[in-house]
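**Student:** Dropping a structure here in structure tokens format, bear with me for questions.
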Amino acid sequence: MENVIETHGLVKRYGAKLAVNDVSAHVARGDIYGLIGKNGAGKTSLMKLILGITYPTSGTVTLFGGEKLTAARRKIGSLIEEPGLFKACSARENLYRYSILYGSDKNEIDGILELVGLSDTGRKPAKAFSQGMKQRLGIAIALLGNPEVLVLDEPINGLDPAGIKEIRDTILRLNREKGVTFIISSHLLDELAKVVTTYGIIADGKLVEEISAERLIETCSRQAKIVTPDGERAIKIIKENFSDAEAELKPDGVYLYNHTDRTAEINACLVKAGVAVSELTRSGKDFEQFFIERLGD
């Protein structure tokens, strides 16, 4: 699948502080890429580098397969921190004013308001909107010019449950109906898990891991642990009998990440080959534990 955004060894220093540390990230077309990390981990700094708001100390950004960055960034809409709204103006008037600033087509305003669920707000001023409505209006502004990618920094931060649902539904609708690719930063794992297709885990400025939501579910939900004194040989036997087996040797045993519904067959193969098995258990871990291990305490 085509990557619409790639970063290569990206570094950003602010004096002695290393905000982004050798980050090589990959965002595929159609993804909802969740950039997850603690506050201060470097999420916003990375987004600003992608958008060209700040410039890297070293490393590069590649957009849409290598297009010139100035032109490519016109295909990206963004909402970093709080949306800058004309508070005395309606949703439609806000979009109209921004369309003039951006030089975008005013005829797309009604369609965008419909997409983000603000078409029925009439003349109600933005200052009277709920926080969730303000965030949706910020997303609407970011959609001017029909961008292919939206970069949203903590879009659900500070929202109540109803507001969070509004933003979540808007993101899913835009992704499914318009094919918009998203990068969304958050430290709220439970909410990201409801929309994200790929996670980028960032800690202390470093990209610790990129993992698809599908692979994360497999890793957390289906896992077998084999305790044996001959782990390396156990892995060899398993792969001889199950060629696509994903097995890993750790200090406390062999961990198997697929074929976990066939543990009886696996045990039989090992015993037949003379590999002693003192324990074979299936287990999993919740998403929170998975991320805690990678983000540190």
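Chain labels follow the order of the structure tokens: the first chain is A, the next B, and so on; residue numbering restarts at 1 in every chain, and ligands are counted from 1 in their shown order.
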Could you pull out the residues in range 9-62 of chain A that DSSP calls helix (DSSP H, G or I) from the backbone, as a PyMOL selection string?

**Tutor:** chain A and resi 43-51

**Student:** Those same residues - C-alpha atoms - I'd like them written as a PDB file, in the first residue's frame.

**Tutor:**
ATOM      1  CA  LYS A  43       3.696  13.835  19.330  1.00  0.00           C
ATOM      2  CA  THR A  44       2.949  17.485  18.568  1.00  0.00           C
ATOM      3  CA  SER A  45       6.573  18.189  17.650  1.00  0.00           C
ATOM      4  CA  LEU A  46       6.495  15.360  15.102  1.00  0.00           C
ATOM      5  CA  MET A  47       3.221  16.620  13.614  1.00  0.00           C
ATOM      6  CA  LYS A  48       4.607  20.136  13.265  1.00  0.00           C
ATOM      7  CA  LEU A  49       7.627  18.773  11.404  1.00  0.00           C
ATOM      8  CA  ILE A  50       5.377  16.866   8.995  1.00  0.00           C
ATOM      9  CA  LEU A  51       3.286  19.987   8.399  1.00  0.00           C
TER      10      LEU A  51
END

**Student:** Pick out the residues sitting within 7 Å of range 129-135 of chain A, and hand them over as an MDAnalysis selection string; count only C-alpha atoms, and ignore anything fewer than 5 positions along from it in its own chain.

**Tutor:** chainID A and resid 83 155 159 163:164 166:167

**Student:** I want to know what sits within 9 Å of range 33-40 of chain A, based on only C-alpha atoms, with residues of the same chain fewer than 5 positions away left out; could you give that as a list in words?

**Tutor:**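 Neighbouring residues, sequence-local ones excluded: Ala19, Val27, Ala28, Thr181, Phe182, Ile183, Ile184, Ser185, Ser186, His187, Leu188, Leu189, Leu192, Ala193, Val195, Val196, Thr197, Thr198, Tyr199, Gly200, Ile201, Ile202, Ala203, Asp204, Gly205, Ser212, Phe291 and Leu295 of chain A.
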
**Student:** Would you list, as an MDAnalysis selection string, the residues of range 73-116 of chain A that end up in strand (DSSP E) under DSSP run on this structure's backbone?

**Tutor:** chainID A and resid 76:79

**Student:** Output all heavy atoms for every residue in the selection just made, as an mmCIF file, in the first residue's frame.

**Tutor:**
data_model
loop_
_atom_site.group_PDB
_atom_site.id
_atom_site.type_symbol
_atom_site.label_atom_id
_atom_site.label_comp_id
_atom_site.auth_asym_id
_atom_site.auth_seq_id
_atom_site.Cartn_x
_atom_site.Cartn_y
_atom_site.Cartn_z
ATOM 1 N N ILE A 76 -2.794 18.502 2.645
ATOM 2 C CA ILE A 76 -2.924 18.111 4.051
ATOM 3 C C ILE A 76 -3.638 19.204 4.829
ATOM 4 O O ILE A 76 -3.227 20.363 4.792
ATOM 5 C CB ILE A 76 -1.537 17.851 4.675
ATOM 6 C CG1 ILE A 76 -0.784 16.778 3.891
ATOM 7 C CG2 ILE A 76 -1.685 17.428 6.131
ATOM 8 C CD1 ILE A 76 0.630 16.531 4.386
ATOM 9 N N GLY A 77 -4.713 18.835 5.502
ATOM 10 C CA GLY A 77 -5.383 19.746 6.420
ATOM 11 C C GLY A 77 -4.954 19.424 7.837
ATOM 12 O O GLY A 77 -4.536 18.304 8.129
ATOM 13 N N SER A 78 -5.047 20.382 8.729
ATOM 14 C CA SER A 78 -4.574 20.121 10.091
ATOM 15 C C SER A 78 -5.366 20.897 11.130
ATOM 16 O O SER A 78 -5.939 21.952 10.848
ATOM 17 C CB SER A 78 -3.088 20.486 10.215
ATOM 18 O OG SER A 78 -2.896 21.876 10.020
ATOM 19 N N LEU A 79 -5.379 20.331 12.309
ATOM 20 C CA LEU A 79 -5.930 20.996 13.486
ATOM 21 C C LEU A 79 -4.953 20.733 14.619
ATOM 22 O O LEU A 79 -4.923 19.651 15.200
ATOM 23 C CB LEU A 79 -7.318 20.445 13.829
ATOM 24 C CG LEU A 79 -7.987 20.997 15.087
ATOM 25 C CD1 LEU A 79 -8.136 22.510 15.010
ATOM 26 C CD2 LEU A 79 -9.351 20.344 15.294
#

**Student:** Can you tell me, as a tab-separated table (two decimals) with N, CA, C and O atoms, in the first residue's frame, what residues are no more than 7 Å from Ala126 in chain A when counting only C-alpha atoms, ignoring any on the same chain fewer than 3 positions away?

**Tutor:**
chain	number	residue	atom	x	y	z
A	87	LYS	N	-15.45	33.68	16.73
A	87	LYS	CA	-16.43	33.23	17.72
A	87	LYS	C	-17.80	33.87	17.57
A	87	LYS	O	-18.81	33.30	17.99
A	88	ALA	N	-17.86	35.05	16.98
A	88	ALA	CA	-19.15	35.71	16.82
A	88	ALA	C	-19.86	35.27	15.54
A	88	ALA	O	-21.00	35.67	15.28
A	89	CYS	N	-19.21	34.41	14.76
A	89	CYS	CA	-19.76	34.00	13.46
A	89	CYS	C	-20.32	32.58	13.52
A	89	CYS	O	-19.91	31.76	14.33
A	90	SER	N	-21.26	32.31	12.63
A	90	SER	CA	-21.83	30.97	12.52
A	90	SER	C	-20.81	30.01	11.92
A	90	SER	O	-19.74	30.42	11.44
A	91	ALA	N	-21.17	28.73	11.92
A	91	ALA	CA	-20.29	27.73	11.33
A	91	ALA	C	-20.06	28.04	9.85
A	91	ALA	O	-18.93	27.98	9.35
A	129	PHE	N	-21.23	27.28	20.79
A	129	PHE	CA	-21.10	25.85	20.49
A	129	PHE	C	-20.55	25.11	21.70
A	129	PHE	O	-19.80	25.66	22.51
A	134	LYS	N	-17.19	22.78	18.51
A	134	LYS	CA	-16.05	23.63	18.12
A	134	LYS	C	-14.95	22.79	17.47
A	134	LYS	O	-14.34	23.20	16.47

**Student:** Between CA of Ala273 in chain A and CA of Tyr257 in chain A, measure the distance and give it in Å to one decimal.

**Tutor:**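 Answer for the CA of Ala273 in chain A to CA of Tyr257 in chain A separation: 21.3 Å.
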
**Student:** Could you please determine the separation between CA of Ile292 in chain A and CA of Leu150 in chain A in Å, to one decimal place?

**Tutor:**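 That distance, rounded to one decimal, is 27.4 Å.
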